[in-house]
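Here's the structure we're looking at; comments come further down.
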Amino acid sequence: AKSGGRARIDVFDANLRRQAMAAMRMEADLRAALEQGQLCLHYQPIVLLETGAIAGFEALMRWNHPDRGLVPPAEFIPLAEETGLIAPMGRWALGEAVRQLALWQARFPRPAPLFMSVNVSTRQFRDDDLVGAVRDLLDAVPIPPSSLKLELTESLLMQDPDECRMLMQSIRDMDVRLSIDDFGTGYSSLAYLHKLPVDVLKIDRSFVRAVSTGEGNAAIVQVIAGLATILRLDAVAEGVETADEAVYLRGLCKYAQGYHFARPAPPDAVERLLAAEDAH
Ligand code: C2E
Ligand code: CA
Ligand code: CA
Ligand code: CA
């Protein structure tokens, strides 16, 4: 029994070691990916629900891996968060997305300029000089600051709310807009939501899906949309996959995003969508 226990521990150690090695290799790979330009952004349209017209985009990171092909963020963002690599990666994404937006605003003018929504991880928000980075970017790239939206998560708002509010206010003072991502999934900060300089609530897909599956959750979309109205925030329904969902959401939310309208796509595919809109 004793030697069996020893053997089990050896196996356990070997597994742990293998996992640690794999994580280290992936961290090195990810660092190289950032330096060698293997990261890229796909853009998913965010549409006006009333008309279906493209109003803006969410920038979504992809890793164009030499062997593995296009790697989705779920497979590398968690490690990037753990190692702190998310800060330089996020800063790159912010710059890339804003430069792309400037090109599209010039080529595809709209009565309300197209907007760009960029994910900012909690770690990036706290560790990095995000305010300085945004200011430098707005100095260098000619977009109306209000056409840039930063997506923050509820968990961020819960940690150190006072410091968070000051950072958010500095961003808002530049006229950049702030969205709460996946709203309703975290420990909701309803108590001080009205004290934070927030502009947009993004309603998580789990609640949007309930609309067509008929689960009790469907009411939650109405509650969040009502909350947005009361607080004078724009609501974005995330993960809209069916026409029925879109119809149900019309009148509740200003914006929607989801496969029903368009999947995230590389810039050239997005340009074809915008050009097709102009042709009509
Ligand atoms: P998220 O911010 O909630 O982004 C929305 C996710 O939902 C995207 O997954 C998008 O492709 C997916 N989606 C959009 N419409 C639909 C739909 O109709 N149905 C379904 N099933 N899914 C839909 P993606 O691109 O795989 O990104 C996953 C997560 O990775 C993001 O969730 C975000 O948390 C994170 N992420 C992506 N890019 C970045 C980034 O540049 N920085 C940071 N910090 N996180 C990022
Ligand atoms: Ca997001
Ligand atoms: Ca989301
Ligand atoms: Ca999400």
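Here, A, B, ... name the chains of the structure tokens in the order displayed, residue numbers run from 1 inside each chain, and ligands are numbered from 1 in the same displayed order.
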As an mmCIF file with N, CA, C and O atoms, in the first residue's frame, please: every protein or nucleic acid residue near ligand 3 (cut-off 10 Å, counting only C-alpha atoms and all ligand atoms).
data_model
loop_
_atom_site.group_PDB
_atom_site.id
_atom_site.type_symbol
_atom_site.label_atom_id
_atom_site.label_comp_id
_atom_site.auth_asym_id
_atom_site.auth_seq_id
_atom_site.Cartn_x
_atom_site.Cartn_y
_atom_site.Cartn_z
ATOM 1 N N GLU A 58 -17.716 45.388 -32.006
ATOM 2 C CA GLU A 58 -16.882 44.974 -30.890
ATOM 3 C C GLU A 58 -15.637 44.323 -31.466
ATOM 4 O O GLU A 58 -15.729 43.457 -32.342
ATOM 5 N N ASN A 119 -12.686 45.461 -25.444
ATOM 6 C CA ASN A 119 -12.668 44.813 -24.130
ATOM 7 C C ASN A 119 -11.434 45.231 -23.334
ATOM 8 O O ASN A 119 -10.317 45.211 -23.855
ATOM 9 N N GLU A 151 -15.242 48.279 -22.774
ATOM 10 C CA GLU A 151 -16.104 47.316 -22.097
ATOM 11 C C GLU A 151 -15.426 46.816 -20.823
ATOM 12 O O GLU A 151 -14.365 46.213 -20.871
ATOM 13 N N LEU A 152 -16.049 47.091 -19.703
ATOM 14 C CA LEU A 152 -15.534 46.656 -18.406
ATOM 15 C C LEU A 152 -16.485 45.604 -17.833
ATOM 16 O O LEU A 152 -17.654 45.555 -18.195
ATOM 17 N N THR A 153 -15.969 44.776 -16.922
ATOM 18 C CA THR A 153 -16.842 43.750 -16.336
ATOM 19 C C THR A 153 -17.295 44.163 -14.941
ATOM 20 O O THR A 153 -16.658 44.986 -14.279
ATOM 21 N N SER A 179 -18.867 50.829 -21.145
ATOM 22 C CA SER A 179 -19.909 49.807 -21.170
ATOM 23 C C SER A 179 -19.662 48.803 -20.054
ATOM 24 O O SER A 179 -18.511 48.497 -19.743
ATOM 25 N N ILE A 180 -20.747 48.272 -19.488
ATOM 26 C CA ILE A 180 -20.612 47.139 -18.570
ATOM 27 C C ILE A 180 -20.931 45.875 -19.368
ATOM 28 O O ILE A 180 -22.048 45.719 -19.860
ATOM 29 N N ASP A 181 -19.928 44.997 -19.467
ATOM 30 C CA ASP A 181 -20.039 43.776 -20.262
ATOM 31 C C ASP A 181 -20.731 42.682 -19.454
ATOM 32 O O ASP A 181 -20.647 42.673 -18.219
ATOM 33 N N ASP A 182 -21.394 41.760 -20.162
ATOM 34 C CA ASP A 182 -22.021 40.583 -19.521
ATOM 35 C C ASP A 182 -22.892 40.993 -18.349
ATOM 36 O O ASP A 182 -22.915 40.307 -17.313
ATOM 37 N N PHE A 183 -23.618 42.080 -18.483
ATOM 38 C CA PHE A 183 -24.341 42.616 -17.341
ATOM 39 C C PHE A 183 -25.349 41.596 -16.807
ATOM 40 O O PHE A 183 -26.069 40.960 -17.560
ATOM 41 N N THR A 185 -24.471 38.961 -14.907
ATOM 42 C CA THR A 185 -23.854 37.679 -14.564
ATOM 43 C C THR A 185 -22.969 37.765 -13.329
ATOM 44 O O THR A 185 -22.659 36.767 -12.708
ATOM 45 N N LEU A 201 -25.157 49.285 -21.019
ATOM 46 C CA LEU A 201 -25.223 47.966 -20.390
ATOM 47 C C LEU A 201 -25.306 46.923 -21.500
ATOM 48 O O LEU A 201 -26.190 46.990 -22.356
ATOM 49 N N LYS A 202 -24.395 45.958 -21.474
ATOM 50 C CA LYS A 202 -24.478 44.854 -22.427
ATOM 51 C C LYS A 202 -25.118 43.663 -21.723
ATOM 52 O O LYS A 202 -24.559 43.122 -20.762
ATOM 53 N N ILE A 203 -26.288 43.285 -22.196
ATOM 54 C CA ILE A 203 -27.055 42.228 -21.534
ATOM 55 C C ILE A 203 -26.534 40.872 -21.973
ATOM 56 O O ILE A 203 -26.504 40.556 -23.163
ATOM 57 N N ASP A 204 -26.106 40.074 -21.016
ATOM 58 C CA ASP A 204 -25.443 38.815 -21.312
ATOM 59 C C ASP A 204 -26.330 37.878 -22.122
ATOM 60 O O ASP A 204 -27.543 37.817 -21.957
ATOM 61 N N ARG A 205 -25.676 37.097 -22.974
ATOM 62 C CA ARG A 205 -26.332 36.165 -23.870
ATOM 63 C C ARG A 205 -27.242 35.177 -23.131
ATOM 64 O O ARG A 205 -28.257 34.735 -23.667
ATOM 65 N N VAL A 236 -27.425 47.006 -24.945
ATOM 66 C CA VAL A 236 -27.042 46.153 -26.069
ATOM 67 C C VAL A 236 -27.407 44.725 -25.698
ATOM 68 O O VAL A 236 -26.935 44.216 -24.674
ATOM 69 N N ALA A 237 -28.253 44.060 -26.498
ATOM 70 C CA ALA A 237 -28.536 42.640 -26.279
ATOM 71 C C ALA A 237 -27.447 41.832 -26.965
ATOM 72 O O ALA A 237 -27.231 41.968 -28.166
ATOM 73 N N GLU A 238 -26.750 40.990 -26.193
ATOM 74 C CA GLU A 238 -25.638 40.204 -26.727
ATOM 75 C C GLU A 238 -26.093 38.817 -27.158
ATOM 76 O O GLU A 238 -26.989 38.242 -26.542
ATOM 77 N N GLY A 239 -25.458 38.267 -28.171
ATOM 78 C CA GLY A 239 -25.700 36.879 -28.556
ATOM 79 C C GLY A 239 -27.076 36.628 -29.128
ATOM 80 O O GLY A 239 -27.678 35.584 -28.883
ATOM 81 N N GLN A 257 -26.368 42.520 -30.891
ATOM 82 C CA GLN A 257 -25.140 41.938 -31.422
ATOM 83 C C GLN A 257 -25.353 40.432 -31.399
ATOM 84 O O GLN A 257 -25.856 39.908 -30.406
#
List as a Markdown table every residue of chain A that is in contact with ligand 1, defined as an atom at most 6 Å from one of its atoms (using only C-alpha atoms and all ligand atoms), together with the nearest atom pair and the distance in Å rounded to one decimal, sorted by chain and then rising number.
| residue | atom | partner | partner_atom_place_in_ligand_line | distance |
| --- | --- | --- | --- | --- |
| A:Leu60 | CA | ligand 1 | 38 (N) | 3.8 |
| A:Met61 | CA | ligand 1 | 38 (N) | 3.9 |
| A:Pro72 | CA | ligand 1 | 26 (O) | 5.3 |
| A:Pro73 | CA | ligand 1 | 30 (O) | 4.7 |
| A:Ala74 | CA | ligand 1 | 30 (O) | 5.4 |
| A:Gly90 | CA | ligand 1 | 42 (N) | 5.5 |
| A:Ala93 | CA | ligand 1 | 41 (O) | 5.7 |
| A:Asn119 | CA | ligand 1 | 42 (N) | 4.5 |
| A:Val120 | CA | ligand 1 | 44 (N) | 4.7 |
| A:Ser121 | CA | ligand 1 | 44 (N) | 4.0 |
| A:Asp182 | CA | ligand 1 | 3 (O) | 5.9 |
| A:Gly239 | CA | ligand 1 | 18 (O) | 3.4 |
| A:Val240 | CA | ligand 1 | 18 (O) | 4.7 |
| A:Glu241 | CA | ligand 1 | 18 (O) | 4.4 |
| A:Gln257 | CA | ligand 1 | 15 (N) | 5.9 |
| A:Gly258 | CA | ligand 1 | 18 (O) | 3.4 |
| A:Tyr259 | CA | ligand 1 | 18 (O) | 3.8 |
| A:Pro264 | CA | ligand 1 | 11 (O) | 5.7 |
Since we have the selection now, will you write its residues out, keeping N, CA, C and O atoms, as a JSON list (two decimals), in the first residue's frame?
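What landed in selection.json:
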[["chain", "number", "residue", "atom", "x", "y", "z"],
["A", 60, "LEU", "N", -12.69, 41.77, -31.21],
["A", 60, "LEU", "CA", -12.48, 40.50, -30.51],
["A", 60, "LEU", "C", -11.16, 39.88, -30.93],
["A", 60, "LEU", "O", -10.90, 39.72, -32.12],
["A", 61, "MET", "N", -10.34, 39.56, -29.94],
["A", 61, "MET", "CA", -8.98, 39.12, -30.22],
["A", 61, "MET", "C", -8.91, 37.67, -30.69],
["A", 61, "MET", "O", -9.65, 36.84, -30.21],
["A", 72, "PRO", "N", -9.26, 30.76, -30.49],
["A", 72, "PRO", "CA", -10.22, 31.67, -29.86],
["A", 72, "PRO", "C", -9.71, 32.18, -28.50],
["A", 72, "PRO", "O", -8.90, 31.52, -27.85],
["A", 73, "PRO", "N", -10.20, 33.34, -28.08],
["A", 73, "PRO", "CA", -9.69, 33.96, -26.85],
["A", 73, "PRO", "C", -9.86, 33.11, -25.59],
["A", 73, "PRO", "O", -9.06, 33.20, -24.68],
["A", 74, "ALA", "N", -10.92, 32.29, -25.55],
["A", 74, "ALA", "CA", -11.13, 31.46, -24.36],
["A", 74, "ALA", "C", -9.90, 30.60, -24.09],
["A", 74, "ALA", "O", -9.65, 30.20, -22.94],
["A", 90, "GLY", "N", -3.66, 43.90, -24.45],
["A", 90, "GLY", "CA", -4.84, 44.76, -24.48],
["A", 90, "GLY", "C", -4.51, 46.14, -25.04],
["A", 90, "GLY", "O", -5.31, 46.74, -25.76],
["A", 93, "ALA", "N", -4.38, 45.81, -28.73],
["A", 93, "ALA", "CA", -5.73, 45.68, -29.29],
["A", 93, "ALA", "C", -6.43, 47.03, -29.35],
["A", 93, "ALA", "O", -7.09, 47.37, -30.34],
["A", 119, "ASN", "N", -12.69, 45.46, -25.44],
["A", 119, "ASN", "CA", -12.67, 44.81, -24.13],
["A", 119, "ASN", "C", -11.43, 45.23, -23.33],
["A", 119, "ASN", "O", -10.32, 45.21, -23.86],
["A", 120, "VAL", "N", -11.65, 45.58, -22.09],
["A", 120, "VAL", "CA", -10.54, 45.92, -21.20],
["A", 120, "VAL", "C", -10.63, 45.00, -19.99],
["A", 120, "VAL", "O", -11.64, 44.99, -19.28],
["A", 121, "SER", "N", -9.61, 44.17, -19.80],
["A", 121, "SER", "CA", -9.66, 43.24, -18.68],
["A", 121, "SER", "C", -9.40, 43.98, -17.37],
["A", 121, "SER", "O", -8.80, 45.06, -17.35],
["A", 182, "ASP", "N", -21.39, 41.76, -20.16],
["A", 182, "ASP", "CA", -22.02, 40.58, -19.52],
["A", 182, "ASP", "C", -22.89, 40.99, -18.35],
["A", 182, "ASP", "O", -22.91, 40.31, -17.31],
["A", 239, "GLY", "N", -25.46, 38.27, -28.17],
["A", 239, "GLY", "CA", -25.70, 36.88, -28.56],
["A", 239, "GLY", "C", -27.08, 36.63, -29.13],
["A", 239, "GLY", "O", -27.68, 35.58, -28.88],
["A", 240, "VAL", "N", -27.60, 37.56, -29.90],
["A", 240, "VAL", "CA", -28.91, 37.38, -30.54],
["A", 240, "VAL", "C", -28.71, 36.42, -31.73],
["A", 240, "VAL", "O", -27.97, 36.71, -32.65],
["A", 241, "GLU", "N", -29.37, 35.27, -31.64],
["A", 241, "GLU", "CA", -29.16, 34.23, -32.66],
["A", 241, "GLU", "C", -30.34, 34.01, -33.58],
["A", 241, "GLU", "O", -30.20, 33.37, -34.62],
["A", 257, "GLN", "N", -26.37, 42.52, -30.89],
["A", 257, "GLN", "CA", -25.14, 41.94, -31.42],
["A", 257, "GLN", "C", -25.35, 40.43, -31.40],
["A", 257, "GLN", "O", -25.86, 39.91, -30.41],
["A", 258, "GLY", "N", -25.01, 39.74, -32.46],
["A", 258, "GLY", "CA", -25.17, 38.29, -32.42],
["A", 258, "GLY", "C", -25.14, 37.68, -33.80],
["A", 258, "GLY", "O", -25.19, 38.39, -34.82],
["A", 259, "TYR", "N", -25.04, 36.34, -33.82],
["A", 259, "TYR", "CA", -24.90, 35.61, -35.08],
["A", 259, "TYR", "C", -26.07, 35.88, -36.02],
["A", 259, "TYR", "O", -25.93, 35.77, -37.23],
["A", 264, "PRO", "N", -18.45, 37.60, -35.79],
["A", 264, "PRO", "CA", -17.18, 38.34, -35.82],
["A", 264, "PRO", "C", -16.42, 37.95, -37.09],
["A", 264, "PRO", "O", -16.44, 36.79, -37.48]]
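Distances here use only C-alpha atoms; by that measure, the residue among A:Gln222, A:Asn15, A:Thr122, A:Asn64 closest to Leu39 in chain A is A:Asn64.
Taking CA of Ile54 in chain A and CA of Phe207 in chain A as endpoints, the distance between them is 22.6 Å.
If you measure from each of A:Glu96, A:Glu154, A:Glu81, A:Glu27 to ligand 4 using only C-alpha atoms and all ligand atoms, the closest one turns out to be A:Glu154.
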### Task
Run DSSP on the backbone and give me the residues of range 1-178 of chain A it puts in strand (DSSP E or B), as a VMD selection string.
chain A and resid 39 to 48 54 to 65 69 to 71 115 to 119 148 to 153 177 to 178
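For the set A:Asp173, A:Leu101, A:Ser206, A:Met168, the residue with the smallest atom-to-atom gap to ligand 4 is A:Ser206, counting only C-alpha atoms and all ligand atoms.
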